[in-house]
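To keep things clear, I will list the structure first and then write my remarks on it.
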Amino acid sequence: MEEDEIVKRAREGDVDSFNRLVEIYQRRVYNLSLRMLGNAPAAEDATQDAFLSAFRGISRFRGGSFRAWLFRIATNACWDQLRAISRRPTTPIDDMPMELESDQPSPEDFAVRREIGEKIKKALAALPPDQRLAVILRDIEGLDYQEIARVTGSSLGTVKSRINRGRGRLRHYLERYRELFP
Amino acid sequence: MYRRKSECQIVQGRLSPYIDEQLNPADKERIESHLEGCQACLGELESLRAMVKLLHRVAMVTPPRSFAVAEAAPKPQPASARSFRAFRAATAVAALLLVFTFAGDAAHLFEAGPVEERTAQQVTPAANDDTGEGVLSSEGEGYADGEVYTWPVFELELALSGVVVVLGGATAVLWQKKRRGIEKG
């Protein structure tokens, strides 16, 4: 069944169809939350909140990209979690490592890949949240600029600027560990 | 010299949209012609590309569970709401135990002697439920009459009262937290 048809049925109140959409997107929504929040329990809460909000609000979905609509809800859930985390300064630091896919032309060993992953994770955490979100959506989630603008509710110019500045800061941060990179 | 530096700054500020092909043809051409003669900016471009390539390799993590929704999706409750319910139940149980203890005490159930005669003169349960004053006075009478308690009833009542006060206090605090959460939500 096509995604549009599943969305249509979910909008009509079919829970099974909505749960098909959950199956399709939960991995991506969870990963978006995890990269954005850097904390596994908070990412789980954000993902749960996002799907519940989407479930309650799907009748208001007016067509277009379902992914962009869902990601927008997910990013709102992430903002809520970020606010909650900032109110709880004792939130434990997440120890879930960030892994990198193995790159066949230059295979590094597992430990080096994990070390690079940790540097990226720290660099992402150091970015202002709006730039972090833009970079994650572009370079980790692979969305195009138009879609990022829809997800974040920003203009194309703002998206370009955030990606540009976010990447610049990341590169500056990671430059110190240049010897680690292939 | 100044112009050259300024051009490098302009180019480096546009390398990100350049690698994503987000520039108009004129800007793209300007960048490319500059890159042909500027090793510094070319190095910046390669460094940026390497970094973006690394981000593309960040592995997806499998979610720890399914996020499928139930038919009647319950609103997710914060930890304070769940604790509130647990504390409310514990307070109710402790309060009930206290009431039973008072009632049992008033009915002289905890005394060693026969209770048949005494039940006729016990303090009414309503008096017990109110403040416990009736219970204390009946206890006083009990001790005055030289009756022997098989259980440390007075201590038990005191301990249960303490437990009810502590649990009740914690429940009230959690209720306030929950209410604030609802107002914010």
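Labels used: A, B, ... for chains in the order of the structure tokens, numbers from 1 for residues in each chain, and numbers from 1 for ligands as shown.
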
Check your understanding: Counting only C-alpha atoms, which residues from chain B have an atom at most 10 Å from any atom of chain A, and could you show them as JSON, numbers by chain?
Key -> {"B": [12, 13, 14, 15, 16, 17, 20, 22, 44, 47, 48, 49, 50, 51, 52, 53, 54, 55, 56, 57, 58, 59, 60, 61, 62, 63, 64, 65, 66, 67, 68, 69, 70, 71, 72, 73, 74, 75, 76, 78]}

Review point. Any idea what's packed within 8 Å of range 94-96 of chain B, counting only C-alpha atoms, ignoring anything in its chain fewer than 4 positions away? Could you give it as number ranges by chain?
Key: B: 90, 100, 160-161, 163-164

**Study point:** Residue contacts of Ala54 in chain A (9 Å, only C-alpha atoms) excluding same-chain residues fewer than 5 positions away, as a PyMOL selection string
**Key:** chain A and resi 49+61+69-70+73-74

Once DSSP has gone over the backbone, tell me which residues of chain A are in helix (DSSP H, G or I), as a tab-separated table (two decimals) with N, CA and C atoms, in the first residue's frame.
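Final file, out-v9.tsv:
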chain	number	residue	atom	x	y	z
A	3	GLU	N	2.16	5.07	0.68
A	3	GLU	CA	2.12	5.85	1.94
A	3	GLU	C	0.92	6.80	1.98
A	4	ASP	N	0.60	7.41	0.83
A	4	ASP	CA	-0.54	8.34	0.79
A	4	ASP	C	-1.83	7.66	1.23
A	5	GLU	N	-1.99	6.41	0.79
A	5	GLU	CA	-3.20	5.66	1.12
A	5	GLU	C	-3.22	5.33	2.63
A	6	ILE	N	-2.04	4.98	3.16
A	6	ILE	CA	-1.96	4.68	4.60
A	6	ILE	C	-2.29	5.94	5.40
A	7	VAL	N	-1.74	7.07	4.96
A	7	VAL	CA	-1.99	8.34	5.66
A	7	VAL	C	-3.49	8.66	5.61
A	8	LYS	N	-4.09	8.43	4.42
A	8	LYS	CA	-5.52	8.73	4.26
A	8	LYS	C	-6.35	7.90	5.25
A	9	ARG	N	-6.02	6.63	5.35
A	9	ARG	CA	-6.77	5.76	6.28
A	9	ARG	C	-6.53	6.17	7.73
A	10	ALA	N	-5.27	6.52	8.03
A	10	ALA	CA	-4.96	6.96	9.40
A	10	ALA	C	-5.75	8.22	9.74
A	11	ARG	N	-5.89	9.13	8.74
A	11	ARG	CA	-6.66	10.37	8.98
A	11	ARG	C	-8.13	10.06	9.25
A	15	VAL	N	-6.51	3.08	13.40
A	15	VAL	CA	-5.33	2.99	14.27
A	15	VAL	C	-4.25	2.09	13.66
A	16	ASP	N	-4.68	1.00	13.02
A	16	ASP	CA	-3.70	0.08	12.41
A	16	ASP	C	-2.90	0.80	11.32
A	17	SER	N	-3.59	1.62	10.56
A	17	SER	CA	-2.87	2.38	9.51
A	17	SER	C	-1.90	3.36	10.14
A	18	PHE	N	-2.34	4.02	11.21
A	18	PHE	CA	-1.41	4.95	11.88
A	18	PHE	C	-0.19	4.19	12.38
A	19	ASN	N	-0.43	3.01	12.93
A	19	ASN	CA	0.70	2.23	13.45
A	19	ASN	C	1.62	1.71	12.34
A	20	ARG	N	1.08	1.59	11.13
A	20	ARG	CA	1.96	1.28	9.99
A	20	ARG	C	2.93	2.46	9.76
A	21	LEU	N	2.38	3.67	9.90
A	21	LEU	CA	3.23	4.87	9.75
A	21	LEU	C	4.28	4.93	10.88
A	22	VAL	N	3.85	4.52	12.07
A	22	VAL	CA	4.80	4.50	13.20
A	22	VAL	C	5.94	3.54	12.85
A	23	GLU	N	5.57	2.36	12.35
A	23	GLU	CA	6.58	1.36	11.97
A	23	GLU	C	7.57	1.94	10.95
A	24	ILE	N	7.02	2.66	9.98
A	24	ILE	CA	7.85	3.20	8.90
A	24	ILE	C	8.81	4.26	9.44
A	25	TYR	N	8.32	5.11	10.36
A	25	TYR	CA	9.10	6.30	10.73
A	25	TYR	C	9.74	6.26	12.12
A	26	GLN	N	9.40	5.28	12.94
A	26	GLN	CA	9.87	5.37	14.32
A	26	GLN	C	11.40	5.36	14.42
A	27	ARG	N	12.04	4.63	13.54
A	27	ARG	CA	13.51	4.59	13.58
A	27	ARG	C	14.10	5.96	13.30
A	28	ARG	N	13.54	6.64	12.30
A	28	ARG	CA	14.08	7.96	11.93
A	28	ARG	C	13.74	9.01	12.97
A	29	VAL	N	12.52	8.96	13.50
A	29	VAL	CA	12.13	9.95	14.51
A	29	VAL	C	12.97	9.75	15.78
A	30	TYR	N	13.17	8.48	16.14
A	30	TYR	CA	13.98	8.21	17.33
A	30	TYR	C	15.42	8.70	17.14
A	31	ASN	N	15.97	8.44	15.96
A	31	ASN	CA	17.35	8.86	15.70
A	31	ASN	C	17.49	10.38	15.64
A	32	LEU	N	16.49	11.03	15.04
A	32	LEU	CA	16.50	12.50	15.02
A	32	LEU	C	16.51	13.02	16.46
A	33	SER	N	15.65	12.45	17.31
A	33	SER	CA	15.56	12.89	18.71
A	33	SER	C	16.87	12.59	19.44
A	34	LEU	N	17.42	11.42	19.19
A	34	LEU	CA	18.64	11.02	19.87
A	34	LEU	C	19.81	11.95	19.52
A	35	ARG	N	19.92	12.29	18.23
A	35	ARG	CA	21.02	13.19	17.82
A	35	ARG	C	20.78	14.60	18.35
A	36	MET	N	19.52	14.99	18.39
A	36	MET	CA	19.19	16.34	18.82
A	36	MET	C	19.40	16.49	20.33
A	37	LEU	N	19.01	15.46	21.10
A	37	LEU	CA	19.03	15.57	22.56
A	37	LEU	C	20.29	14.97	23.17
A	40	ALA	N	19.49	9.15	25.52
A	40	ALA	CA	18.58	8.08	25.07
A	40	ALA	C	17.20	8.11	25.75
A	41	PRO	N	17.13	8.24	27.08
A	41	PRO	CA	15.79	8.27	27.69
A	41	PRO	C	14.95	9.47	27.22
A	42	ALA	N	15.61	10.63	27.09
A	42	ALA	CA	14.89	11.82	26.62
A	42	ALA	C	14.43	11.63	25.17
A	43	ALA	N	15.28	10.97	24.37
A	43	ALA	CA	14.91	10.71	22.97
A	43	ALA	C	13.72	9.77	22.89
A	44	GLU	N	13.68	8.81	23.79
A	44	GLU	CA	12.55	7.88	23.83
A	44	GLU	C	11.27	8.63	24.19
A	45	ASP	N	11.37	9.50	25.19
A	45	ASP	CA	10.19	10.31	25.59
A	45	ASP	C	9.73	11.20	24.44
A	46	ALA	N	10.71	11.84	23.77
A	46	ALA	CA	10.36	12.75	22.68
A	46	ALA	C	9.67	11.98	21.55
A	47	THR	N	10.19	10.79	21.25
A	47	THR	CA	9.60	9.98	20.17
A	47	THR	C	8.18	9.57	20.54
A	48	GLN	N	8.02	9.15	21.77
A	48	GLN	CA	6.69	8.76	22.25
A	48	GLN	C	5.72	9.94	22.16
A	49	ASP	N	6.16	11.11	22.66
A	49	ASP	CA	5.30	12.31	22.62
A	49	ASP	C	4.97	12.68	21.18
A	50	ALA	N	5.97	12.56	20.30
A	50	ALA	CA	5.76	12.95	18.90
A	50	ALA	C	4.68	12.08	18.26
A	51	PHE	N	4.76	10.77	18.46
A	51	PHE	CA	3.77	9.90	17.82
A	51	PHE	C	2.38	10.07	18.44
A	52	LEU	N	2.34	10.31	19.74
A	52	LEU	CA	1.03	10.53	20.36
A	52	LEU	C	0.41	11.84	19.85
A	53	SER	N	1.25	12.88	19.73
A	53	SER	CA	0.75	14.17	19.20
A	53	SER	C	0.29	13.99	17.75
A	54	ALA	N	1.08	13.24	16.99
A	54	ALA	CA	0.72	13.02	15.59
A	54	ALA	C	-0.59	12.25	15.49
A	55	PHE	N	-0.75	11.27	16.37
A	55	PHE	CA	-1.97	10.46	16.38
A	55	PHE	C	-3.20	11.33	16.67
A	56	ARG	N	-3.03	12.21	17.66
A	56	ARG	CA	-4.17	13.07	18.04
A	56	ARG	C	-4.44	14.13	16.98
A	57	GLY	N	-3.38	14.52	16.26
A	57	GLY	CA	-3.55	15.66	15.34
A	57	GLY	C	-3.61	15.29	13.88
A	58	ILE	N	-3.63	13.98	13.57
A	58	ILE	CA	-3.51	13.59	12.16
A	58	ILE	C	-4.71	14.06	11.32
A	59	SER	N	-5.85	14.26	11.97
A	59	SER	CA	-7.01	14.75	11.20
A	59	SER	C	-6.75	16.17	10.69
A	60	ARG	N	-5.79	16.87	11.32
A	60	ARG	CA	-5.48	18.24	10.88
A	60	ARG	C	-4.39	18.26	9.81
A	66	PHE	N	4.16	13.99	4.38
A	66	PHE	CA	3.85	13.49	5.72
A	66	PHE	C	5.11	13.48	6.57
A	67	ARG	N	6.23	13.14	5.93
A	67	ARG	CA	7.50	13.09	6.67
A	67	ARG	C	7.83	14.45	7.28
A	68	ALA	N	7.68	15.50	6.47
A	68	ALA	CA	7.99	16.84	6.97
A	68	ALA	C	7.04	17.21	8.12
A	69	TRP	N	5.76	16.85	7.97
A	69	TRP	CA	4.77	17.14	9.02
A	69	TRP	C	5.14	16.41	10.31
A	70	LEU	N	5.50	15.12	10.17
A	70	LEU	CA	5.84	14.32	11.35
A	70	LEU	C	7.14	14.82	11.99
A	71	PHE	N	8.12	15.16	11.15
A	71	PHE	CA	9.39	15.65	11.68
A	71	PHE	C	9.20	16.97	12.41
A	72	ARG	N	8.26	17.75	11.93
A	72	ARG	CA	8.00	19.03	12.60
A	72	ARG	C	7.46	18.77	14.02
A	73	ILE	N	6.55	17.81	14.11
A	73	ILE	CA	6.02	17.44	15.43
A	73	ILE	C	7.15	16.89	16.30
A	74	ALA	N	8.01	16.08	15.67
A	74	ALA	CA	9.12	15.47	16.42
A	74	ALA	C	10.09	16.55	16.92
A	75	THR	N	10.36	17.55	16.08
A	75	THR	CA	11.29	18.60	16.53
A	75	THR	C	10.65	19.43	17.66
A	76	ASN	N	9.33	19.62	17.59
A	76	ASN	CA	8.66	20.32	18.70
A	76	ASN	C	8.79	19.51	19.99
A	77	ALA	N	8.64	18.18	19.86
A	77	ALA	CA	8.80	17.32	21.05
A	77	ALA	C	10.23	17.41	21.58
A	78	CYS	N	11.20	17.55	20.65
A	78	CYS	CA	12.60	17.70	21.08
A	78	CYS	C	12.80	19.03	21.82
A	79	TRP	N	12.18	20.10	21.32
A	79	TRP	CA	12.30	21.41	22.02
A	79	TRP	C	11.76	21.28	23.43
A	80	ASP	N	10.62	20.59	23.56
A	80	ASP	CA	10.02	20.41	24.89
A	80	ASP	C	10.98	19.66	25.81
A	81	GLN	N	11.60	18.61	25.26
A	81	GLN	CA	12.55	17.83	26.06
A	81	GLN	C	13.77	18.67	26.43
A	82	LEU	N	14.23	19.49	25.47
A	82	LEU	CA	15.40	20.34	25.76
A	82	LEU	C	15.09	21.30	26.90
A	83	ARG	N	13.86	21.85	26.87
A	83	ARG	CA	13.45	22.75	27.96
A	83	ARG	C	13.41	21.98	29.29
A	84	ALA	N	12.87	20.76	29.23
A	84	ALA	CA	12.78	19.95	30.45
A	84	ALA	C	14.19	19.63	30.97
A	85	ILE	N	15.11	19.32	30.05
A	85	ILE	CA	16.48	18.99	30.46
A	85	ILE	C	17.15	20.22	31.09
A	86	SER	N	16.88	21.40	30.50
A	86	SER	CA	17.52	22.60	31.04
A	86	SER	C	16.98	22.93	32.43
A	87	ARG	N	15.74	22.47	32.72
A	87	ARG	CA	15.19	22.69	34.06
A	87	ARG	C	15.72	21.66	35.05
A	110	PHE	N	37.21	-0.63	14.64
A	110	PHE	CA	36.01	-0.28	15.41
A	110	PHE	C	36.29	0.84	16.42
A	111	ALA	N	37.43	0.72	17.13
A	111	ALA	CA	37.73	1.70	18.19
A	111	ALA	C	37.90	3.10	17.63
A	112	VAL	N	38.57	3.20	16.47
A	112	VAL	CA	38.77	4.53	15.87
A	112	VAL	C	37.44	5.09	15.42
A	113	ARG	N	36.61	4.25	14.82
A	113	ARG	CA	35.29	4.72	14.38
A	113	ARG	C	34.48	5.23	15.56
A	114	ARG	N	34.57	4.49	16.65
A	114	ARG	CA	33.81	4.91	17.84
A	114	ARG	C	34.37	6.23	18.38
A	115	GLU	N	35.68	6.39	18.33
A	115	GLU	CA	36.29	7.63	18.83
A	115	GLU	C	35.85	8.82	17.99
A	116	ILE	N	35.84	8.62	16.68
A	116	ILE	CA	35.38	9.70	15.80
A	116	ILE	C	33.91	10.01	16.11
A	117	GLY	N	33.11	8.95	16.29
A	117	GLY	CA	31.69	9.13	16.62
A	117	GLY	C	31.52	9.97	17.87
A	118	GLU	N	32.35	9.71	18.87
A	118	GLU	CA	32.26	10.47	20.12
A	118	GLU	C	32.58	11.95	19.91
A	119	LYS	N	33.59	12.20	19.06
A	119	LYS	CA	33.96	13.60	18.78
A	119	LYS	C	32.80	14.31	18.08
A	120	ILE	N	32.18	13.61	17.14
A	120	ILE	CA	31.06	14.22	16.42
A	120	ILE	C	29.91	14.50	17.39
A	121	LYS	N	29.67	13.54	18.27
A	121	LYS	CA	28.58	13.70	19.23
A	121	LYS	C	28.82	14.93	20.11
A	122	LYS	N	30.05	15.08	20.57
A	122	LYS	CA	30.37	16.23	21.42
A	122	LYS	C	30.27	17.53	20.62
A	123	ALA	N	30.75	17.48	19.39
A	123	ALA	CA	30.70	18.69	18.55
A	123	ALA	C	29.26	19.10	18.30
A	124	LEU	N	28.40	18.12	18.03
A	124	LEU	CA	26.97	18.42	17.80
A	124	LEU	C	26.35	19.02	19.06
A	125	ALA	N	26.70	18.44	20.22
A	125	ALA	CA	26.12	18.91	21.48
A	125	ALA	C	26.53	20.36	21.77
A	126	ALA	N	27.70	20.76	21.23
A	126	ALA	CA	28.19	22.12	21.49
A	126	ALA	C	27.53	23.16	20.59
A	129	PRO	N	21.10	24.91	19.49
A	129	PRO	CA	20.10	23.91	19.06
A	129	PRO	C	19.55	24.14	17.65
A	130	ASP	N	19.33	25.41	17.25
A	130	ASP	CA	18.75	25.60	15.91
A	130	ASP	C	19.72	25.19	14.81
A	131	GLN	N	21.03	25.44	15.03
A	131	GLN	CA	22.03	25.02	14.04
A	131	GLN	C	22.20	23.50	14.08
A	132	ARG	N	22.16	22.94	15.29
A	132	ARG	CA	22.28	21.48	15.43
A	132	ARG	C	21.16	20.79	14.67
A	133	LEU	N	19.94	21.30	14.84
A	133	LEU	CA	18.79	20.69	14.17
A	133	LEU	C	18.95	20.76	12.65
A	134	ALA	N	19.38	21.93	12.16
A	134	ALA	CA	19.53	22.09	10.71
A	134	ALA	C	20.58	21.12	10.15
A	135	VAL	N	21.71	21.00	10.87
A	135	VAL	CA	22.79	20.11	10.39
A	135	VAL	C	22.34	18.64	10.46
A	136	ILE	N	21.65	18.28	11.54
A	136	ILE	CA	21.18	16.89	11.66
A	136	ILE	C	20.21	16.56	10.53
A	137	LEU	N	19.25	17.48	10.30
A	137	LEU	CA	18.26	17.22	9.26
A	137	LEU	C	18.91	17.12	7.89
A	138	ARG	N	19.92	17.96	7.66
A	138	ARG	CA	20.57	17.96	6.34
A	138	ARG	C	21.56	16.79	6.19
A	139	ASP	N	22.49	16.68	7.12
A	139	ASP	CA	23.63	15.78	6.89
A	139	ASP	C	23.47	14.39	7.50
A	140	ILE	N	22.59	14.25	8.48
A	140	ILE	CA	22.39	12.91	9.05
A	140	ILE	C	21.08	12.31	8.52
A	145	TYR	N	16.86	21.22	1.41
A	145	TYR	CA	16.69	22.51	2.09
A	145	TYR	C	15.21	22.90	2.22
A	146	GLN	N	14.44	22.62	1.16
A	146	GLN	CA	13.01	22.98	1.19
A	146	GLN	C	12.29	22.26	2.32
A	147	GLU	N	12.62	20.98	2.43
A	147	GLU	CA	11.95	20.17	3.45
A	147	GLU	C	12.37	20.62	4.86
A	148	ILE	N	13.64	20.97	5.00
A	148	ILE	CA	14.10	21.46	6.31
A	148	ILE	C	13.37	22.76	6.67
A	149	ALA	N	13.14	23.59	5.66
A	149	ALA	CA	12.40	24.84	5.90
A	149	ALA	C	10.99	24.53	6.40
A	150	ARG	N	10.37	23.50	5.79
A	150	ARG	CA	9.00	23.12	6.23
A	150	ARG	C	9.03	22.55	7.65
A	151	VAL	N	10.03	21.69	7.91
A	151	VAL	CA	10.12	21.06	9.24
A	151	VAL	C	10.34	22.11	10.33
A	152	THR	N	11.22	23.05	10.06
A	152	THR	CA	11.59	24.01	11.10
A	152	THR	C	10.71	25.26	11.09
A	156	LEU	N	13.92	29.70	3.62
A	156	LEU	CA	15.04	29.00	2.99
A	156	LEU	C	16.38	29.67	3.35
A	157	GLY	N	16.35	30.99	3.40
A	157	GLY	CA	17.57	31.75	3.74
A	157	GLY	C	18.05	31.40	5.14
A	158	THR	N	17.11	31.31	6.06
A	158	THR	CA	17.47	30.97	7.45
A	158	THR	C	18.06	29.56	7.51
A	159	VAL	N	17.46	28.65	6.76
A	159	VAL	CA	17.96	27.26	6.73
A	159	VAL	C	19.39	27.24	6.21
A	160	LYS	N	19.62	27.94	5.09
A	160	LYS	CA	20.98	27.98	4.51
A	160	LYS	C	21.97	28.52	5.53
A	161	SER	N	21.58	29.59	6.17
A	161	SER	CA	22.47	30.24	7.13
A	161	SER	C	22.77	29.32	8.31
A	162	ARG	N	21.75	28.65	8.82
A	162	ARG	CA	21.97	27.75	9.98
A	162	ARG	C	22.86	26.57	9.61
A	163	ILE	N	22.62	25.99	8.43
A	163	ILE	CA	23.46	24.86	8.01
A	163	ILE	C	24.90	25.33	7.83
A	164	ASN	N	25.04	26.48	7.18
A	164	ASN	CA	26.37	27.03	6.93
A	164	ASN	C	27.13	27.28	8.23
A	165	ARG	N	26.47	27.95	9.17
A	165	ARG	CA	27.13	28.28	10.44
A	165	ARG	C	27.36	27.02	11.28
A	166	GLY	N	26.37	26.13	11.26
A	166	GLY	CA	26.51	24.89	12.03
A	166	GLY	C	27.66	24.05	11.52
A	167	ARG	N	27.73	23.89	10.22
A	167	ARG	CA	28.84	23.10	9.65
A	167	ARG	C	30.18	23.77	9.94
A	168	GLY	N	30.18	25.09	9.83
A	168	GLY	CA	31.43	25.83	10.09
A	168	GLY	C	31.93	25.57	11.50
A	169	ARG	N	31.04	25.65	12.46
A	169	ARG	CA	31.43	25.41	13.86
A	169	ARG	C	31.87	23.97	14.06
A	170	LEU	N	31.14	23.04	13.46
A	170	LEU	CA	31.50	21.62	13.59
A	170	LEU	C	32.90	21.38	13.03
A	171	ARG	N	33.13	21.95	11.86
A	171	ARG	CA	34.43	21.75	11.21
A	171	ARG	C	35.54	22.34	12.07
A	172	HIS	N	35.27	23.51	12.60
A	172	HIS	CA	36.25	24.17	13.47
A	172	HIS	C	36.55	23.30	14.69
A	173	TYR	N	35.49	22.72	15.27
A	173	TYR	CA	35.65	21.89	16.46
A	173	TYR	C	36.41	20.61	16.12
A	174	LEU	N	36.03	20.01	14.99
A	174	LEU	CA	36.62	18.71	14.65
A	174	LEU	C	38.02	18.82	14.04
A	175	GLU	N	38.37	20.05	13.64
A	175	GLU	CA	39.69	20.28	13.03
A	175	GLU	C	40.81	19.83	13.98
A	176	ARG	N	40.56	19.96	15.28
A	176	ARG	CA	41.55	19.57	16.29
A	176	ARG	C	41.86	18.08	16.24
A	177	TYR	N	40.90	17.32	15.71
A	177	TYR	CA	41.09	15.87	15.69
A	177	TYR	C	41.29	15.36	14.26
A	178	ARG	N	41.86	16.25	13.45
A	178	ARG	CA	42.00	15.97	12.02
A	178	ARG	C	42.71	14.64	11.76
A	179	GLU	N	43.67	14.32	12.64
A	179	GLU	CA	44.46	13.11	12.42
A	179	GLU	C	43.61	11.83	12.52
A	180	LEU	N	42.45	11.98	13.16
A	180	LEU	CA	41.58	10.80	13.29
A	180	LEU	C	40.81	10.49	12.00

Practice item. Go ahead and compute the interatomic distance for CA of Ala159 in chain B and CA of Leu98 in chain B, in Å to one decimal. Key: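 For CA of Ala159 in chain B relative to CA of Leu98 in chain B, the distance reads 9.2 Å.
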
Point to revise | Best match for closeness to Val93 in chain B among B:Ala107, B:Ala26, B:Leu167, B:Val173, counting only C-alpha atoms | key: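 Closest to Val93 in chain B, using only C-alpha atoms: B:Leu167.
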
**Study point:** Which of B:Ala81, B:Val153, B:Arg88, B:Ala40 sits closest to Leu109 in chain B [using only C-alpha atoms]
**Key:**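 Looking at the shortest contact to Leu109 in chain B, the residue is B:Val153.
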
Point to revise | Atomic distance CA of Thr91 in chain B - CA of Gly168 in chain B, expressed in Å with one decimal | key: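 About the pair CA of Thr91 in chain B and CA of Gly168 in chain B: they are 5.8 Å apart.
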
Point to revise | For CA of Gly162 in chain B and CA of Phe110 in chain B, the interatomic separation in Å (one decimal) | key: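 The value is 20.4 Å.
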